[in-house]
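Student: Let me begin by handing over the structure; questions about it come next.
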There are 2 protein chains.
Amino acid sequence: MRLSQGVEWGLHCAALIGQLPPGTAVSRRALARHFGLPESYLAKQLQAMVRAGILLASSGPHGGFRLARASSEITALDILEAIDGTAPPFVCQEIRQQGSGAAPARDCKAACGISAIMASAHRAWQNSLRAIDVDQLVAAVPPTLRARNRRQFAKATR
Amino acid sequence: MRLSQGVEWGLHCAALIGQLPPGTAVSRRALARHFGLPESYLAKQLQAMVRAGILLASSGPHGGFRLARASSEITALDILEAIDGTAPPFVCQEIRQQGSGAAPARDCKAACGISAIMASAHRAWQNSLRAIDVDQLVAAVPPTLRARNRRQFAKATR
């Protein structure tokens with residue numbers, strides 16, 4: 001079970017944009033340089049976040065990516081699911097209904113209990129990430145670094 | 001992010017063995033037939049559970065796999081980690097320390113805040129599965145099915 005590497009990129013990019021004055025757009029190139037990431041791969045994650053309504057893309061000399069909603073309205077789960085998808089990690093193949101021990105249909109009206117246990121664990125994971133918004137991602141960045149980032153991007157993007 | 005298919009097999013096998021009188025051993029062949037699973041692939045999951053101290057394997061005409069500990073002492077998380085490994089789904093590549101925005105060493109003494117948020121979500125998932133023992137996996141099987149399984153395996157394995 002492993003999340004795609006782009007999840008880390010997406011969370012850091014959202015945290016960086018969230019540190020800047022509201023409405024600031026940061027170009028794909030500037031984001032890639034800032035984190036030392038391959039620009040073409042990063043483009044995919046940024047586009048996924050645009051499609052999910054997390055980022056807004058604008059073109060032109062001052063264009064780039066900015067938050068599409070208030071930072072308090074974007075959760076870590078939103079970013080994760082935009083990049084890694086919403087499929088739960090446990091896929092029930094209904095093995096209770098196969099083989100010589102196959103459960104009869106009357107015992108399979110409710111979801112398989114084991115599948116329900118796995119779904120409950122996934123909800124616990126989702127709830128933990130739903131409780132984190134971009135403001136909290138920003139707060140996870142040391143204050144000295146945030147101040148430096150604001151100075152850097154004030155020059156670079158305005 | 002996806003768990004290996006063997007996780008479902010391992011959980012169902014533990015739940016089946018847990019339904020039978022304590023100490024009952026079930027052969028690999030009987031488990032494979034019961035759930036309609038390929039015996040050679042199932043063997044890998046069973047061996048992983050033996051290595052993790054969840055199952056005990058015995059040979060001979062009445063040999064097979066039985067629980068290595070009391071059913072209340074084996075958790076769903078034990079089974080999952082035996083089969084799918086213990087690696088957390090989020091792997092922090094420390095992108096905070098790379099690129100033109102690399103954080104200086106003095107700001108990186110603590111774990112990256114984003115990595116800590118992801119670790120916390122993983123703990124929530126683990127805690128949810130750690131709260132489920134084999135007795136609860138057994139309870140997730142409909143009572144009529146449990147009674148049928150006990151009858152079937154009383155003949156097959158004793």
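Quick note on naming: the chains in the structure tokens go A, B, ... in the order shown, residues restart at 1 in each chain, and ligands are numbered from 1 in order of appearance.
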Counting only C-alpha atoms, give me one row per residue of region 23-110 of chain A with an atom at most 10 Å from an atom of region 6-26 of chain B, showing the shortest contact pair and its distance in Å to one decimal, sorted by chain then residue number, as JSON lines.
Tutor:
{"residue": "A:Phe90", "atom": "CA", "partner": "B:Glu8", "partner_atom": "CA", "distance": 8.0}
{"residue": "A:Val91", "atom": "CA", "partner": "B:Glu8", "partner_atom": "CA", "distance": 8.2}
{"residue": "A:Cys92", "atom": "CA", "partner": "B:Glu8", "partner_atom": "CA", "distance": 7.0}
{"residue": "A:Gln93", "atom": "CA", "partner": "B:Glu8", "partner_atom": "CA", "distance": 7.8}
{"residue": "A:Glu94", "atom": "CA", "partner": "B:Glu8", "partner_atom": "CA", "distance": 8.8}
{"residue": "A:Ile95", "atom": "CA", "partner": "B:Trp9", "partner_atom": "CA", "distance": 7.7}
{"residue": "A:Arg96", "atom": "CA", "partner": "B:His12", "partner_atom": "CA", "distance": 7.9}
Student: Residues of chain A no more than 6 Å from chain B, counting only C-alpha atoms: send them over as a list in words.
Tutor: Met1, Arg2, Leu3, Arg33, His34, Phe35, Gly36, Pro89, Phe90, Ile95, Gln98, Gly99, Ser100, Gly101, Gly113, Ala121, Ala124, Trp125, Ser128 and Ala140 of chain A
Student: Write the residues you've just listed into a file as a PDB file, in the first residue's frame, and include C-alpha atoms for each of them.
Tutor:
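Dumped to selection.pdb:
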ATOM      1  CA  MET A   1       0.000   0.000   0.000  1.00  0.00           C
ATOM      2  CA  ARG A   2       1.701   3.159  -1.124  1.00  0.00           C
ATOM      3  CA  LEU A   3       0.575   6.631  -2.069  1.00  0.00           C
ATOM      4  CA  ARG A  33      12.362  25.289  -8.980  1.00  0.00           C
ATOM      5  CA  HIS A  34      11.395  25.961  -5.400  1.00  0.00           C
ATOM      6  CA  PHE A  35      11.089  22.254  -4.579  1.00  0.00           C
ATOM      7  CA  GLY A  36      13.635  20.953  -7.109  1.00  0.00           C
ATOM      8  CA  PRO A  89      -7.124   0.669  -0.463  1.00  0.00           C
ATOM      9  CA  PHE A  90      -9.058  -2.513   0.315  1.00  0.00           C
ATOM     10  CA  ILE A  95     -14.503 -14.356  -1.571  1.00  0.00           C
ATOM     11  CA  GLN A  98     -16.958 -18.368  -3.798  1.00  0.00           C
ATOM     12  CA  GLY A  99     -15.493 -21.848  -3.263  1.00  0.00           C
ATOM     13  CA  SER A 100     -16.996 -24.831  -1.472  1.00  0.00           C
ATOM     14  CA  GLY A 101     -17.769 -22.615   1.540  1.00  0.00           C
ATOM     15  CA  GLY A 113     -18.253  -7.895   7.765  1.00  0.00           C
ATOM     16  CA  ALA A 121     -10.305   1.881   8.938  1.00  0.00           C
ATOM     17  CA  ALA A 124     -10.576   6.800  10.127  1.00  0.00           C
ATOM     18  CA  TRP A 125      -7.717   7.668   7.759  1.00  0.00           C
ATOM     19  CA  SER A 128      -7.801  12.365  10.032  1.00  0.00           C
ATOM     20  CA  ALA A 140       3.417  23.021   9.682  1.00  0.00           C
TER      21      ALA A 140
END
Student: Kindly give the distance, in Å, that separates CA of Ile83 (chain A) and CA of Val50 (chain A), rounded to a single decimal.
Tutor: 10.4 Å
Student: What parts of region 51-129 of chain A does DSSP call helix (DSSP H, G or I)? I'd like the answer as a VMD selection string.
Tutor: chain A and resid 51 71 to 73 76 to 84 95 to 97 105 to 107 113 to 129
Student: Using backbone DSSP assignments, extract all strand (DSSP E) residues from chain B; output them as a list of chain:residue names.
Tutor: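 Filtering chain B to strand (DSSP E) leaves B:Leu55, B:Leu56, B:Ala57, B:Ser58, B:Gly64, B:Phe65, B:Arg66, B:Leu67.
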Student: Can you measure CA of Gly64 (chain B) to CA of Met49 (chain B) for me? One decimal in Å is fine.
Tutor: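 Computing it gives 12.9 Å between the two atoms.
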